[in-house]
Amino acid sequence: QIEALHADLERAFAVAFDDRTQVLTLYASHDEGIAALRDHAARGGLHLDIRFCGSVDAISALNEGRCTLAGFHTPPSPAPGTVAQRSYQPLLKPGLHKIIGFARRRQGLLVAPGNPLGIRGLADLPGGRLRYVNRSIGSGTRLLAQQLLADAGLVPEAIRGWETSEPSHAAVAQAIAAGAADAGLGLEAGGRRHRLGFLPLVSGGYFPVCLKSTLDQPPMQALRATLAEPAWQARLAALPGYEPSRSGQVLSLSQELPWWRFARARRR
């Protein structure tokens, strides 16, 4: 609630003091790069009115007209039958939505500094010895955790603390830094900021998605131009675990999410 109020005040001041400011409303899964982009874009007269929420809620907000852009993330090449497909396919439609290139980022297990409990990976989580802290229902990181556990033949119910959730990567890192939890899936950047140990698991894509009909609107064009700037890409690459990925390019939904190609192949 405090963050939402802060965003409302930022938007009001941005518009009040410069009538040339362009505003783009973005609902997004929590991301260190998106937070940095807000500051960078403001220097060029583009105000990102950001509401952080889960990936599923962000795309739903886009489809309901509550924002112009939604940010979500997926594991690399999310295959047909995965949790990502079941969660995102009902919300995203080729021809209606367009993905904009942004970044790839590393996620893994955040653990206490020095990893005093000797955690080696997901297989150590079940059994009740370790306290896990989760992300909220509908977040892309929670969906990713479900898929990684399924791939490893593990069940969430065997993990102590699976139902304990935090609303952001920063909150997960803070819980571990404070000793309230022993491990949680999160961003490398957030872990490094809190000087936590980090066990890398996956590098996946983070995408802003919009309706195709909004691509030619001035705020969207300004965003794409900002993402293509070498200065912005250098700033993003400086975040631990981040690398720019076709930043600012308009990408095809059916090419980025392989289950759409799978669906067409089956109809043949």
# chains A, B, ... in the order shown; residues from 1 in each chain; ligands from 1
>>> select_by_dssp(residues="segment 6-215 of chain A", states="alpha helix (DSSP H)", output="ChimeraX atom specification")
/A:6-17,32-42,55-63,83-88,140-151,169-177,188-193
>>> closest_atom_pairs(of="segment 9-93 of chain A", to="segment 191-210 of chain A", cutoff="6 Å", atoms="only C-alpha atoms", output="Markdown table")
| residue | atom | partner | partner_atom | distance |
| --- | --- | --- | --- | --- |
| A:Leu69 | CA | A:Cys210 | CA | 4.9 |
| A:Ala70 | CA | A:Val209 | CA | 5.3 |
| A:Gly71 | CA | A:Pro208 | CA | 4.2 |
| A:Phe72 | CA | A:Phe207 | CA | 5.6 |
| A:His73 | CA | A:Tyr206 | CA | 4.2 |
| A:Thr74 | CA | A:Gly205 | CA | 5.7 |
| A:Pro75 | CA | A:Gly204 | CA | 4.4 |
| A:Pro76 | CA | A:Gly204 | CA | 4.8 |
>>> closest_atom_pairs(of="segment 146-205 of chain A", to="segment 27-35 of chain A", cutoff="8 Å", atoms="only C-alpha atoms", output="tab-separated table")
residue	atom	partner	partner_atom	distance
A:Ser168	CA	A:His30	CA	5.7
A:His169	CA	A:His30	CA	6.7
A:Ala189	CA	A:Glu32	CA	7.1
A:Gly190	CA	A:Glu32	CA	7.5
>>> closest_residue(among="A:Thr214, A:Gln174, A:Gln255, A:Gln147", to="Thr82 of chain A", atoms="only C-alpha atoms")
A:Gln147
>>> atom_distance(atom1="atom CA of Ser165 of chain A", atom2="atom CA of Gly153 of chain A")
22.2 Å
>>> residues_around(residues="Pro78 of chain A", least_positions_apart="4", cutoff="8 Å", atoms="only C-alpha atoms", output="PDB file with C-alpha atoms, in the first residue's frame")
ATOM      1  CA  THR A  74       9.360 -17.417 -17.789  1.00  0.00           C
ATOM      2  CA  THR A  82       4.769 -26.881 -17.963  1.00  0.00           C
ATOM      3  CA  ALA A  84       4.220 -21.663 -17.261  1.00  0.00           C
ATOM      4  CA  GLN A  85       2.052 -22.851 -20.142  1.00  0.00           C
ATOM      5  CA  LEU A 257       6.531 -19.111 -26.122  1.00  0.00           C
ATOM      6  CA  PRO A 258       6.951 -22.492 -27.846  1.00  0.00           C
ATOM      7  CA  TRP A 259       3.652 -23.989 -26.744  1.00  0.00           C
TER       8      TRP A 259
END
>>> closest_atom_pairs(of="segment 9-103 of chain A", to="segment 220-241 of chain A", cutoff="10 Å", atoms="only C-alpha atoms", output="tab-separated table")
residue	atom	partner	partner_atom	distance
A:Gln22	CA	A:Ala222	CA	8.3
A:Val23	CA	A:Met220	CA	9.3
A:Leu24	CA	A:Met220	CA	7.3
A:Glu32	CA	A:Leu239	CA	8.1
A:Gly33	CA	A:Leu236	CA	6.3
A:Ile34	CA	A:Leu236	CA	9.3
A:Ala36	CA	A:Leu236	CA	7.7
A:Leu37	CA	A:Trp232	CA	7.7
A:His40	CA	A:Trp232	CA	7.1
A:Ala41	CA	A:Thr226	CA	6.6
A:Gly44	CA	A:Thr226	CA	8.1
A:Gly45	CA	A:Ala222	CA	8.8
A:Leu46	CA	A:Ala222	CA	7.0
A:His47	CA	A:Leu223	CA	9.5
A:Leu48	CA	A:Leu223	CA	9.0
A:Thr68	CA	A:Met220	CA	8.6
A:Leu69	CA	A:Met220	CA	8.7
A:Ile100	CA	A:Arg224	CA	7.9
A:Gly101	CA	A:Leu227	CA	8.4
A:Phe102	CA	A:Leu227	CA	7.2
A:Ala103	CA	A:Leu236	CA	8.2
>>> closest_residue(among="A:Leu144, A:Cys67, A:Ile176, A:Ile50", to="Asn115 of chain A", atoms="only C-alpha atoms")
A:Ile176
>>> closest_residue(among="A:Gly114, A:Pro156, A:Ala170, A:Arg105", to="Tyr242 of chain A", atoms="only C-alpha atoms")
A:Arg105
>>> residues_around(residues="segment 131-142 of chain A", least_positions_apart="3", cutoff="10 Å", atoms="only C-alpha atoms", output="ChimeraX atom specification")
/A:28-30,53-58,71-75,83-84,87-88,107-111,125-128,145-148,159-169,171-173,175-176,179-187,206
>>> closest_residue(among="A:Leu130, A:Ile119, A:Asp49, A:Lys212", to="Leu92 of chain A", atoms="only C-alpha atoms")
A:Lys212
>>> closest_residue(among="A:Gly248, A:Pro90, A:Gly81, A:Pro219", to="Ser60 of chain A", atoms="only C-alpha atoms")
A:Pro90
